[in-house]
$ cat protein-v2.cif   # mmCIF, C-alpha atoms and all ligand atoms
data_final
loop_
_atom_site.label_atom_id
_atom_site.label_comp_id
_atom_site.auth_asym_id
_atom_site.auth_seq_id
_atom_site.Cartn_x
_atom_site.Cartn_y
_atom_site.Cartn_z
CA MET A 127 1.37 -9.85 24.94
CA LYS A 128 -1.84 -10.21 26.91
CA LEU A 129 -4.38 -8.79 24.48
CA LEU A 130 -8.05 -9.10 25.30
CA ARG A 131 -9.64 -12.12 23.73
CA GLN A 132 -12.81 -10.15 22.90
CA LEU A 133 -10.79 -7.64 20.94
CA GLU A 134 -8.94 -10.35 19.07
CA ASP A 135 -12.36 -11.84 18.24
CA TYR A 136 -13.69 -8.45 17.08
CA ARG A 137 -10.67 -7.70 14.98
CA PRO A 138 -12.23 -8.72 11.66
CA ILE A 139 -15.28 -6.54 12.41
CA LEU A 140 -13.08 -3.63 13.50
CA ALA A 141 -10.91 -4.05 10.42
CA GLY A 142 -14.11 -3.91 8.34
CA ILE A 143 -15.14 -0.63 9.98
CA ARG A 144 -11.59 0.72 9.66
CA ARG A 145 -11.38 -0.08 5.95
CA ASP A 146 -14.80 1.39 5.31
CA LEU A 147 -13.70 4.62 7.02
CA HIS A 148 -10.47 4.55 5.01
CA ALA A 149 -12.44 4.26 1.79
CA HIS A 150 -14.63 7.24 2.75
CA PRO A 151 -12.30 9.87 4.21
CA GLU A 152 -13.77 13.19 5.34
CA LEU A 153 -11.96 16.46 6.05
CA ALA A 154 -12.11 18.75 9.08
CA PHE A 155 -15.61 19.37 10.48
CA GLU A 156 -17.13 17.48 7.55
CA GLU A 157 -16.90 14.04 9.18
CA ARG A 158 -20.67 13.50 8.87
CA ARG A 159 -20.64 9.95 7.57
CA THR A 160 -17.89 8.97 10.02
CA SER A 161 -19.80 10.59 12.86
CA ASP A 162 -22.97 8.70 11.85
CA ILE A 163 -21.08 5.41 11.94
CA VAL A 164 -19.55 6.20 15.34
CA ALA A 165 -22.95 7.17 16.81
CA ARG A 166 -24.58 4.07 15.34
CA GLU A 167 -21.91 1.72 16.70
CA LEU A 168 -21.98 3.28 20.17
CA SER A 169 -25.78 3.18 20.32
CA ALA A 170 -25.75 -0.45 19.26
CA CYS A 171 -23.71 -1.22 22.40
CA GLY A 172 -26.21 0.64 24.59
CA ILE A 173 -23.88 3.59 25.11
CA GLU A 174 -25.39 7.04 25.68
CA VAL A 175 -24.52 9.20 22.66
CA HIS A 176 -24.25 12.98 22.42
CA ARG A 177 -23.68 14.57 19.03
CA GLY A 178 -23.00 18.02 17.65
CA LEU A 179 -20.08 19.24 19.77
CA ALA A 180 -17.68 20.92 17.30
CA ALA A 181 -20.19 20.16 14.51
CA THR A 182 -19.37 16.50 13.93
CA GLY A 183 -17.94 15.49 17.32
CA VAL A 184 -19.45 12.54 19.18
CA VAL A 185 -19.22 11.85 22.92
CA GLY A 186 -20.28 8.47 24.27
CA THR A 187 -20.89 8.03 27.99
CA LEU A 188 -20.71 4.65 29.66
CA ARG A 189 -21.30 4.11 33.38
CA ALA A 190 -20.77 1.13 35.65
CA GLY A 191 -21.20 0.82 39.41
CA SER A 192 -21.76 3.86 41.55
CA GLY A 193 -18.26 5.34 41.66
CA GLY A 194 -17.77 9.04 41.08
CA ARG A 195 -14.51 8.76 39.14
CA SER A 196 -14.32 9.39 35.41
CA ILE A 197 -11.89 9.05 32.52
CA GLY A 198 -11.88 10.38 28.95
CA LEU A 199 -10.53 8.45 25.96
CA ARG A 200 -10.08 10.40 22.75
CA ALA A 201 -9.91 9.38 19.09
CA ASP A 202 -9.64 11.71 16.09
CA MET A 203 -11.76 11.16 12.96
CA ASP A 204 -10.57 13.46 10.17
CA ALA A 205 -8.63 12.76 6.99
CA LEU A 206 -6.16 14.83 4.96
CA PRO A 207 -6.31 16.62 1.59
CA ILE A 208 -3.94 14.12 -0.05
CA GLN A 209 -4.38 12.08 -3.24
CA GLU A 210 -3.95 8.44 -2.21
CA THR A 211 -1.55 6.35 -4.29
CA ASN A 212 -2.50 2.98 -2.79
CA THR A 213 -4.30 0.54 -5.06
CA PHE A 214 -5.76 -1.88 -2.51
CA GLU A 215 -9.48 -2.54 -2.28
CA HIS A 216 -10.16 -0.10 0.58
CA ARG A 217 -8.36 2.86 -1.03
CA SER A 218 -10.05 6.26 -0.86
CA ARG A 219 -13.15 6.65 -3.01
CA HIS A 220 -12.73 10.43 -2.92
CA ALA A 221 -10.19 12.22 -5.09
CA GLY A 222 -7.81 14.39 -3.10
CA ARG A 223 -8.88 13.05 0.29
CA MET A 224 -7.17 10.36 2.28
CA HIS A 225 -6.78 8.81 5.72
CA ALA A 226 -3.01 9.28 5.66
CA CYS A 227 -2.64 9.71 9.42
CA GLY A 228 -4.47 6.61 10.63
CA HIS A 229 -7.40 8.40 12.25
CA ASP A 230 -9.57 5.70 10.65
CA GLY A 231 -7.67 3.21 12.84
CA HIS A 232 -7.92 5.40 15.95
CA THR A 233 -11.69 5.66 15.52
CA ALA A 234 -12.13 1.90 14.93
CA MET A 235 -9.95 1.03 17.95
CA LEU A 236 -11.94 3.22 20.32
CA LEU A 237 -15.18 1.74 18.96
CA GLY A 238 -13.77 -1.73 19.68
CA ALA A 239 -12.83 -0.74 23.23
CA ALA A 240 -16.28 0.83 23.73
CA ARG A 241 -17.95 -2.39 22.71
CA VAL A 242 -15.87 -4.50 25.10
CA LEU A 243 -16.27 -2.03 27.98
CA ALA A 244 -20.04 -2.01 27.45
CA GLU A 245 -20.10 -5.81 27.53
CA THR A 246 -17.76 -6.51 30.41
CA ARG A 247 -18.23 -3.38 32.59
CA ARG A 248 -15.35 -4.37 34.84
CA PHE A 249 -14.98 -0.82 36.11
CA ASP A 250 -16.63 1.52 38.58
CA GLY A 251 -17.32 5.04 37.35
CA THR A 252 -17.86 6.91 34.09
CA VAL A 253 -16.05 6.53 30.77
CA ARG A 254 -16.28 9.36 28.22
CA LEU A 255 -15.55 8.24 24.68
CA VAL A 256 -14.53 11.35 22.77
CA PHE A 257 -14.57 11.20 18.96
CA GLN A 258 -13.06 14.43 17.78
CA PRO A 259 -13.22 16.14 14.39
CA ALA A 260 -10.54 18.22 12.69
CA GLU A 261 -7.28 17.21 14.35
CA GLU A 262 -5.11 17.89 11.33
CA HIS A 263 -5.14 21.65 11.17
CA GLU A 264 -8.32 23.25 12.42
CA GLY A 265 -7.98 22.35 16.10
CA GLY A 266 -11.20 20.37 16.63
CA ALA A 267 -10.09 19.58 20.19
CA ARG A 268 -10.05 23.28 21.06
CA VAL A 269 -13.50 23.76 19.51
CA MET A 270 -14.90 20.85 21.55
CA ILE A 271 -13.39 22.37 24.71
CA ASP A 272 -14.75 25.84 23.84
CA GLU A 273 -18.19 24.30 23.31
CA GLY A 274 -18.12 22.81 26.81
CA LEU A 275 -16.62 19.32 26.48
CA PHE A 276 -15.27 19.23 30.03
CA GLU A 277 -18.30 20.96 31.61
CA LYS A 278 -20.96 18.91 29.82
CA PHE A 279 -19.02 15.65 30.11
CA PRO A 280 -16.93 15.90 33.28
CA MET A 281 -13.83 13.70 33.35
CA ASP A 282 -10.97 13.58 35.86
CA THR A 283 -8.33 12.69 33.31
CA VAL A 284 -8.02 12.33 29.55
CA TYR A 285 -5.92 9.99 27.42
CA GLY A 286 -4.98 9.98 23.75
CA LEU A 287 -3.08 7.75 21.35
CA HIS A 288 -1.48 7.96 17.91
CA ASN A 289 -0.14 5.20 15.69
CA TRP A 290 3.55 5.52 14.90
CA PRO A 291 5.16 4.06 11.76
CA GLY A 292 8.71 2.90 12.41
CA LEU A 293 7.77 1.40 15.77
CA PRO A 294 6.86 -2.31 15.59
CA VAL A 295 3.27 -3.38 16.21
CA GLY A 296 2.78 -4.15 19.91
CA HIS A 297 5.36 -1.54 20.93
CA PHE A 298 4.57 1.80 22.56
CA ALA A 299 6.44 5.00 23.31
CA VAL A 300 5.43 6.73 26.54
CA MET A 301 7.14 9.76 28.02
CA ALA A 302 6.35 12.40 30.61
CA GLY A 303 6.82 16.02 29.57
CA PRO A 304 6.90 17.41 26.03
CA LEU A 305 6.30 14.78 23.35
CA MET A 306 5.17 16.89 20.39
CA ALA A 307 5.92 20.47 19.47
CA SER A 308 3.84 23.59 19.16
CA ALA A 309 2.96 24.67 15.63
CA ASP A 310 2.66 28.39 14.95
CA GLN A 311 2.69 30.29 11.70
CA PHE A 312 3.84 33.71 10.62
CA ASP A 313 3.32 36.12 7.74
CA ILE A 314 5.86 38.81 6.92
CA VAL A 315 4.88 41.52 4.46
CA VAL A 316 7.80 43.61 3.19
CA ARG A 317 6.85 46.87 1.48
CA GLY A 318 9.46 48.73 -0.55
CA ARG A 319 9.20 51.07 -3.49
CA GLY A 320 8.98 49.48 -6.91
CA THR A 321 11.22 50.65 -9.72
CA HIS A 322 12.78 49.73 -13.03
CA ALA A 323 15.15 46.78 -12.59
CA ALA A 324 17.87 48.78 -14.33
CA MET A 325 17.50 51.71 -11.91
CA PRO A 326 17.45 50.08 -8.44
CA HIS A 327 18.71 53.29 -6.79
CA LEU A 328 15.34 54.92 -7.52
CA GLY A 329 13.41 52.43 -5.38
CA THR A 330 13.77 50.30 -2.27
CA ASP A 331 14.03 46.60 -3.03
CA ALA A 332 11.56 44.39 -1.11
CA ILE A 333 13.18 41.21 -2.47
CA VAL A 334 16.67 42.01 -1.25
CA ALA A 335 15.28 43.07 2.14
CA GLY A 336 13.15 39.90 2.28
CA THR A 337 16.07 37.60 1.54
CA ALA A 338 18.12 39.33 4.24
CA MET A 339 15.24 38.57 6.63
CA VAL A 340 15.22 34.88 5.65
CA GLN A 341 18.93 34.68 6.41
CA ALA A 342 18.75 36.66 9.64
CA LEU A 343 15.77 34.64 10.93
CA GLN A 344 17.92 31.52 10.84
CA THR A 345 20.09 33.00 13.59
CA LEU A 346 17.16 32.96 16.06
CA VAL A 347 17.37 29.22 16.75
CA SER A 348 21.14 29.32 17.23
CA ARG A 349 21.38 32.67 19.07
CA ALA A 350 18.08 33.39 20.85
CA VAL A 351 17.17 29.92 22.14
CA HIS A 352 18.90 28.10 25.02
CA PRO A 353 21.32 25.62 23.43
CA VAL A 354 19.70 22.69 25.25
CA ASP A 355 16.18 23.62 24.08
CA SER A 356 14.94 22.91 20.58
CA ALA A 357 13.14 25.01 18.03
CA VAL A 358 12.55 24.99 14.29
CA LEU A 359 11.93 28.06 12.16
CA SER A 360 11.18 27.33 8.52
CA VAL A 361 10.38 29.98 5.93
CA THR A 362 8.20 27.98 3.56
CA GLN A 363 6.90 30.65 1.17
CA PHE A 364 8.44 33.66 -0.56
CA HIS A 365 6.21 35.49 -3.03
CA ALA A 366 7.36 38.56 -4.94
CA GLY A 367 7.27 40.09 -8.39
CA ASP A 368 6.02 38.93 -11.77
CA ALA A 369 8.34 40.48 -14.35
CA TYR A 370 12.00 40.17 -15.39
CA ASN A 371 12.61 43.89 -15.45
CA VAL A 372 10.61 45.24 -12.50
CA ILE A 373 11.69 45.46 -8.88
CA PRO A 374 8.36 44.81 -7.12
CA GLU A 375 6.82 46.89 -4.37
CA GLU A 376 6.17 43.99 -2.08
CA ALA A 377 7.42 40.60 -0.90
CA VAL A 378 5.40 38.21 1.25
CA LEU A 379 7.12 35.55 3.35
CA ARG A 380 5.38 32.84 5.33
CA GLY A 381 6.50 30.00 7.52
CA THR A 382 6.18 27.97 10.69
CA VAL A 383 7.77 27.83 14.14
CA ARG A 384 7.93 24.66 16.24
CA ALA A 385 9.11 24.36 19.83
CA PHE A 386 8.50 22.36 23.00
CA LYS A 387 8.41 25.10 25.62
CA PRO A 388 6.10 28.12 25.86
CA GLU A 389 9.05 30.38 26.73
CA VAL A 390 10.86 29.28 23.56
CA VAL A 391 7.73 29.97 21.52
CA GLU A 392 7.56 33.49 22.98
CA ALA A 393 11.27 34.09 22.35
CA MET A 394 10.81 33.05 18.71
CA ALA A 395 7.70 35.21 18.23
CA ALA A 396 9.42 38.26 19.71
CA GLY A 397 12.63 37.46 17.82
CA ILE A 398 10.91 37.32 14.43
CA ARG A 399 9.42 40.75 15.01
CA ARG A 400 12.72 42.22 16.22
CA VAL A 401 14.83 40.78 13.41
CA CYS A 402 12.37 41.75 10.68
CA GLU A 403 11.97 45.30 11.97
CA GLY A 404 15.75 45.70 12.29
CA VAL A 405 16.45 44.37 8.81
CA ALA A 406 13.63 46.50 7.39
CA ALA A 407 15.15 49.62 8.96
CA ALA A 408 18.57 48.73 7.53
CA HIS A 409 17.09 48.36 4.04
CA GLY A 410 14.69 51.31 4.25
CA VAL A 411 11.55 49.24 3.72
CA GLN A 412 8.38 48.84 5.79
CA VAL A 413 7.55 45.49 7.36
CA GLU A 414 4.45 44.00 8.92
CA VAL A 415 4.76 40.79 10.95
CA ARG A 416 1.76 38.67 11.89
CA TYR A 417 2.42 35.77 14.27
CA LEU A 418 -0.37 33.27 14.76
CA HIS A 419 -0.32 30.80 17.65
CA GLY A 420 -1.55 27.38 16.52
CA TYR A 421 -1.31 24.17 18.55
CA PRO A 422 0.60 24.41 21.83
CA PRO A 423 3.28 21.85 22.72
CA LEU A 424 1.86 18.50 23.82
CA VAL A 425 3.02 17.94 27.40
CA ASN A 426 2.26 14.67 29.17
CA TRP A 427 1.47 14.77 32.88
CA PRO A 428 3.93 12.74 35.01
CA GLU A 429 1.37 10.83 37.13
CA GLN A 430 -0.85 9.83 34.19
CA THR A 431 2.22 8.92 32.12
CA GLU A 432 3.27 6.55 34.88
CA ILE A 433 -0.22 5.02 34.90
CA ALA A 434 -0.25 4.60 31.10
CA ALA A 435 3.23 3.06 31.15
CA ARG A 436 2.32 0.59 33.88
CA VAL A 437 -0.86 -0.49 32.07
CA LEU A 438 1.09 -0.91 28.83
CA GLU A 439 3.95 -2.82 30.46
CA ASP A 440 1.40 -5.19 31.89
CA LEU A 441 -0.29 -5.54 28.49
CA VAL A 442 2.62 -5.93 26.06
CA GLY A 443 5.62 -6.50 28.34
CA LYS A 444 8.25 -4.13 29.68
CA ASP A 445 10.61 -4.57 26.73
CA ARG A 446 7.97 -3.27 24.31
CA VAL A 447 7.28 -0.03 26.18
CA HIS A 448 9.84 2.63 25.33
CA ARG A 449 10.22 5.17 28.10
CA GLN A 450 12.95 7.08 26.26
CA PHE A 451 11.82 8.28 22.86
CA GLN A 452 12.89 11.16 20.67
CA PRO A 453 10.10 13.76 20.77
CA THR A 454 8.81 14.83 17.36
CA MET A 455 8.44 18.36 15.95
CA GLY A 456 5.04 17.34 14.60
CA ALA A 457 2.06 18.84 16.40
CA GLU A 458 -1.17 17.44 17.82
CA ASP A 459 -4.24 19.28 19.07
CA PHE A 460 -4.73 16.82 21.94
CA ALA A 461 -2.29 19.31 23.52
CA PHE A 462 -5.30 21.56 24.21
CA MET A 463 -6.98 18.77 26.19
CA LEU A 464 -3.80 18.24 28.24
CA GLN A 465 -3.74 21.97 29.01
CA ASN A 466 -7.14 21.52 30.64
CA LYS A 467 -6.99 18.04 32.18
CA PRO A 468 -4.29 15.74 33.50
CA GLY A 469 -3.57 12.95 31.08
CA CYS A 470 -1.18 11.22 28.75
CA TYR A 471 -0.75 10.70 25.02
CA VAL A 472 1.10 7.62 23.84
CA LEU A 473 2.50 6.52 20.51
CA MET A 474 1.62 3.02 19.32
CA GLY A 475 3.66 1.03 16.80
CA ASN A 476 2.18 0.80 13.30
CA GLY A 477 4.99 -1.41 12.02
CA GLN A 478 8.46 -1.12 10.54
CA GLY A 479 10.29 -1.56 7.32
CA GLU A 480 9.92 -0.72 3.67
CA GLY A 481 6.42 -0.50 2.24
CA GLN A 482 3.17 -0.02 4.07
CA PRO A 483 3.74 -0.61 7.81
CA GLY A 484 6.75 1.67 8.04
CA CYS A 485 5.38 4.29 5.64
CA MET A 486 5.37 7.66 7.39
CA LEU A 487 2.22 9.56 8.32
CA HIS A 488 0.91 12.04 5.71
CA ASN A 489 2.49 10.02 2.90
CA PRO A 490 0.18 9.15 -0.05
CA GLY A 491 1.15 5.47 0.37
CA TYR A 492 0.37 5.25 4.10
CA ASP A 493 -2.12 2.82 5.62
CA PHE A 494 -3.11 2.06 9.20
CA ASN A 495 -2.02 -1.43 10.24
CA ASP A 496 -5.04 -3.55 11.19
CA GLU A 497 -2.71 -5.82 13.19
CA ALA A 498 -2.64 -3.02 15.77
CA LEU A 499 -6.43 -2.79 16.28
CA ALA A 500 -6.59 -5.33 19.11
CA VAL A 501 -3.43 -3.86 20.67
CA GLY A 502 -4.76 -0.30 20.92
CA GLY A 503 -8.26 -1.47 21.87
CA SER A 504 -6.87 -3.66 24.67
CA TYR A 505 -4.87 -0.71 25.99
CA TRP A 506 -8.01 1.43 26.24
CA VAL A 507 -9.94 -1.28 28.09
CA ARG A 508 -7.11 -2.06 30.51
CA LEU A 509 -6.53 1.64 31.15
CA VAL A 510 -10.18 2.13 32.14
CA GLU A 511 -10.12 -0.95 34.38
CA HIS A 512 -6.95 0.34 36.03
CA CYS A 513 -8.12 3.93 36.53
CA LEU A 514 -11.69 3.10 37.60
CA PRO A 515 -11.15 -0.13 39.53
CA ALA A 516 -14.26 -2.17 40.26
CA ALA A 517 -14.74 -3.28 43.87
CA THR A 518 -14.77 -6.90 42.80
CA ARG A 519 -13.74 -8.26 39.48
ZN ZN A 601 -1.76 13.92 10.80
ZN ZN A 602 -2.81 12.13 13.16
#

$ encode --input "protein-v2.cif" --output "structure tokens" --more "lines below"
Ligand SMILES: [Zn+2]
Ligand SMILES: [Zn+2]
Amino acid sequence: MKLLRQLEDYRPILAGIRRDLHAHPELAFEERRTSDIVARELSACGIEVHRGLAATGVVGTLRAGSGGRSIGLRADMDALPIQETNTFEHRSRHAGRMHACGHDGHTAMLLGAARVLAETRRFDGTVRLVFQPAEEHEGGARVMIDEGLFEKFPMDTVYGLHNWPGLPVGHFAVMAGPLMASADQFDIVVRGRGTHAAMPHLGTDAIVAGTAMVQALQTLVSRAVHPVDSAVLSVTQFHAGDAYNVIPEEAVLRGTVRAFKPEVVEAMAAGIRRVCEGVAAAHGVQVEVRYLHGYPPLVNWPEQTEIAARVLEDLVGKDRVHRQFQPTMGAEDFAFMLQNKPGCYVLMGNGQGEGQPGCMLHNPGYDFNDEALAVGGSYWVRLVEHCLPAATR
């Protein structure tokens, strides 16, 4: 591995920042303290700071030379509503809030890269350092875009990164095309006619109709989606009734749909409506289906994926860059940025094995691996130097 010496030197400082962020996790659009720290650190390096995009978002702008090219690097800052079970010194100070996805690490790594880029300036053009709020559920990336991210801070391309437990530190997964799935949600309200449980023939049973819907919906993935494509439909809630001897008027079902292709998403959305309306008609109940589009699939651009892979192969060696990787049905709002700008999102090893390094994201025992700080930071710096080459180095 050819990590940057400066980043190795800064690692204790970055680990300090990372652990401080871990101890003080903040939820979507409330990342005020985090945002203050980011702005302070960027300003200290002489980087131009803009605040307030998507409430707590921060954009740093760093220029070198006279070149007109530009690149965006994005880190997410938010935590999750999870009660941390770790007992180490830097555990969350806030009950029910936790950095269980490593966004503390992503933020610290980009700050480290910013510091080195500001010092060395071995590039020609403009670097946009994008610190984004609310990745977990609220779609902070979309809000930043809606509030003019790409107009106010023009960038030719945009790159993102996420740590990945199960992959060793120093390893990366990089793939063109779909890497993460879309995440949509649906509500199904079934309205029947309530009656005495002993006289079902006098009503129409919303529970029986609802369970038939749950069963029938499972045929969508196997029957309405191309066998080579993937999709997940999970009914995750079923609420109905509150007595032993009453058939209730109503049942409410909720759930999520994940897929990699827009056409599969549309087939699932239409299929849910069709199946529920058909089953409702068969059971003589009314049904209302609401389908809400959330994050789109994350699709890496081929050219930028090639660039990211080459930079990484040069940094950590070819054998540590995995070009074939099983995509995940998890979702990521960086997908919105890639809908607007060419770019690439890579997964970076957080470590393997039992215990902390291999502990999956969103687990109450998760922690970002500080060993990876210099790895991710070096990638950002090398990527900028590659994409905005200086005339002389
Ligand atoms: Zn997450
Ligand atoms: Zn995350």

$ residues_around --input "protein-v2.cif" --residues "A:Asp204" --least-positions-apart "4" --cutoff "10 Å" --atoms "all atoms listed in the file" --output "MDAnalysis selection string"
chainID A and resid 147 151:157 160 224:230 233 257:263 266

$ atom_distance --input "protein-v2.cif" --atom1 "atom CA of A:Asp493" --atom2 "atom CA of A:Arg137"
16.5 Å

$ atom_distance --input "protein-v2.cif" --atom1 "atom CA of A:Gln412" --atom2 "atom CA of A:Glu389"
27.9 Å

$ closest_residue --input "protein-v2.cif" --among "A:His297, A:Lys444, A:Lys467, A:His288" --to "ligand ZN 601 (chain A)" --atoms "all atoms listed in the file"
A:His288

$ residues_around --input "protein-v2.cif" --residues "stretch 319-325 of chain A" --least-positions-apart "6" --cutoff "6 Å" --atoms "only C-alpha atoms" --output "list in words"
Asn371, Val372, Ile373, Pro374 and Glu375 of chain A

$ atom_distance --input "protein-v2.cif" --atom1 "atom CA of A:Arg317" --atom2 "atom CA of A:His419"
23.9 Å

$ closest_residue --input "protein-v2.cif" --among "A:Gly491, A:Arg223, A:Ala377, A:Ala299" --to "A:Pro453" --atoms "all atoms listed in the file"
A:Ala299

$ closest_residue --input "protein-v2.cif" --among "A:Arg189, A:His232, A:His448, A:Arg159" --to "ligand ZN 602 (chain A)" --atoms "all atoms listed in the file"
A:His232

$ closest_atom_pairs --input "protein-v2.cif" --of "stretch 212-315 of chain A" --to "stretch 339-354 of chain A" --cutoff "12 Å" --atoms "only C-alpha atoms" --output "Markdown table"
| residue | atom | partner | partner_atom | distance |
| --- | --- | --- | --- | --- |
| A:Phe312 | CA | A:Leu343 | CA | 12.0 |
| A:Ile314 | CA | A:Met339 | CA | 9.4 |
| A:Val315 | CA | A:Met339 | CA | 11.0 |

$ decode --input "protein-v2.cif" --residues "stretch 236-306 of chain A" --atoms "C-alpha atoms" --output "PDB file, in the first residue's frame"
ATOM      1  CA  LEU A 236     -12.668  13.834   4.154  1.00  0.00           C
ATOM      2  CA  LEU A 237     -11.405  16.415   6.662  1.00  0.00           C
ATOM      3  CA  GLY A 238      -8.019  14.661   6.590  1.00  0.00           C
ATOM      4  CA  ALA A 239      -7.946  14.716   2.792  1.00  0.00           C
ATOM      5  CA  ALA A 240      -8.985  18.396   2.796  1.00  0.00           C
ATOM      6  CA  ARG A 241      -6.097  19.258   5.069  1.00  0.00           C
ATOM      7  CA  VAL A 242      -3.546  17.459   2.894  1.00  0.00           C
ATOM      8  CA  LEU A 243      -4.970  18.880  -0.342  1.00  0.00           C
ATOM      9  CA  ALA A 244      -4.825  22.392   1.131  1.00  0.00           C
ATOM     10  CA  GLU A 245      -1.196  21.865   2.117  1.00  0.00           C
ATOM     11  CA  THR A 246       0.161  20.149  -0.964  1.00  0.00           C
ATOM     12  CA  ARG A 247      -2.100  21.590  -3.717  1.00  0.00           C
ATOM     13  CA  ARG A 248      -0.714  19.173  -6.278  1.00  0.00           C
ATOM     14  CA  PHE A 249      -3.719  19.662  -8.535  1.00  0.00           C
ATOM     15  CA  ASP A 250      -5.038  22.176 -11.032  1.00  0.00           C
ATOM     16  CA  GLY A 251      -8.691  23.129 -10.690  1.00  0.00           C
ATOM     17  CA  THR A 252     -11.420  23.214  -8.052  1.00  0.00           C
ATOM     18  CA  VAL A 253     -12.239  20.671  -5.348  1.00  0.00           C
ATOM     19  CA  ARG A 254     -15.684  20.768  -3.713  1.00  0.00           C
ATOM     20  CA  LEU A 255     -15.771  19.090  -0.317  1.00  0.00           C
ATOM     21  CA  VAL A 256     -19.398  18.183   0.312  1.00  0.00           C
ATOM     22  CA  PHE A 257     -20.422  17.335   3.891  1.00  0.00           C
ATOM     23  CA  GLN A 258     -23.975  16.141   3.692  1.00  0.00           C
ATOM     24  CA  PRO A 259     -26.622  15.799   6.399  1.00  0.00           C
ATOM     25  CA  ALA A 260     -29.345  13.174   6.688  1.00  0.00           C
ATOM     26  CA  GLU A 261     -28.163  10.254   4.576  1.00  0.00           C
ATOM     27  CA  GLU A 262     -29.918   7.593   6.613  1.00  0.00           C
ATOM     28  CA  HIS A 263     -33.534   8.188   5.732  1.00  0.00           C
ATOM     29  CA  GLU A 264     -34.385  11.789   4.965  1.00  0.00           C
ATOM     30  CA  GLY A 265     -32.429  12.144   1.726  1.00  0.00           C
ATOM     31  CA  GLY A 266     -30.122  15.039   2.625  1.00  0.00           C
ATOM     32  CA  ALA A 267     -28.371  14.650  -0.741  1.00  0.00           C
ATOM     33  CA  ARG A 268     -31.615  15.392  -2.578  1.00  0.00           C
ATOM     34  CA  VAL A 269     -32.247  18.439  -0.374  1.00  0.00           C
ATOM     35  CA  MET A 270     -28.742  19.777  -1.083  1.00  0.00           C
ATOM     36  CA  ILE A 271     -29.339  19.282  -4.820  1.00  0.00           C
ATOM     37  CA  ASP A 272     -32.775  20.943  -4.624  1.00  0.00           C
ATOM     38  CA  GLU A 273     -31.191  23.885  -2.807  1.00  0.00           C
ATOM     39  CA  GLY A 274     -28.704  24.367  -5.647  1.00  0.00           C
ATOM     40  CA  LEU A 275     -25.624  22.295  -4.770  1.00  0.00           C
ATOM     41  CA  PHE A 276     -24.562  21.783  -8.381  1.00  0.00           C
ATOM     42  CA  GLU A 277     -25.461  25.321  -9.523  1.00  0.00           C
ATOM     43  CA  LYS A 278     -23.838  27.152  -6.610  1.00  0.00           C
ATOM     44  CA  PHE A 279     -20.826  24.835  -6.483  1.00  0.00           C
ATOM     45  CA  PRO A 280     -20.271  23.572 -10.030  1.00  0.00           C
ATOM     46  CA  MET A 281     -18.432  20.257 -10.301  1.00  0.00           C
ATOM     47  CA  ASP A 282     -17.785  18.059 -13.340  1.00  0.00           C
ATOM     48  CA  THR A 283     -17.956  14.807 -11.428  1.00  0.00           C
ATOM     49  CA  VAL A 284     -18.797  13.602  -7.927  1.00  0.00           C
ATOM     50  CA  TYR A 285     -17.413  10.730  -5.869  1.00  0.00           C
ATOM     51  CA  GLY A 286     -18.616   9.001  -2.717  1.00  0.00           C
ATOM     52  CA  LEU A 287     -17.400   6.281  -0.375  1.00  0.00           C
ATOM     53  CA  HIS A 288     -18.792   4.002   2.332  1.00  0.00           C
ATOM     54  CA  ASN A 289     -16.974   1.770   4.788  1.00  0.00           C
ATOM     55  CA  TRP A 290     -17.837  -1.898   4.464  1.00  0.00           C
ATOM     56  CA  PRO A 291     -17.563  -4.390   7.345  1.00  0.00           C
ATOM     57  CA  GLY A 292     -16.561  -7.837   6.136  1.00  0.00           C
ATOM     58  CA  LEU A 293     -14.028  -6.417   3.693  1.00  0.00           C
ATOM     59  CA  PRO A 294     -10.487  -6.184   5.126  1.00  0.00           C
ATOM     60  CA  VAL A 295      -8.973  -2.755   5.786  1.00  0.00           C
ATOM     61  CA  GLY A 296      -7.072  -1.579   2.709  1.00  0.00           C
ATOM     62  CA  HIS A 297      -9.448  -3.413   0.367  1.00  0.00           C
ATOM     63  CA  PHE A 298     -12.045  -1.753  -1.856  1.00  0.00           C
ATOM     64  CA  ALA A 299     -15.005  -2.867  -3.925  1.00  0.00           C
ATOM     65  CA  VAL A 300     -15.561  -0.897  -7.127  1.00  0.00           C
ATOM     66  CA  MET A 301     -18.124  -1.726  -9.782  1.00  0.00           C
ATOM     67  CA  ALA A 302     -19.760   0.038 -12.701  1.00  0.00           C
ATOM     68  CA  GLY A 303     -23.554  -0.069 -12.857  1.00  0.00           C
ATOM     69  CA  PRO A 304     -25.965  -0.717  -9.988  1.00  0.00           C
ATOM     70  CA  LEU A 305     -24.246  -1.166  -6.624  1.00  0.00           C
ATOM     71  CA  MET A 306     -27.058  -0.406  -4.181  1.00  0.00           C
TER      72      MET A 306
END
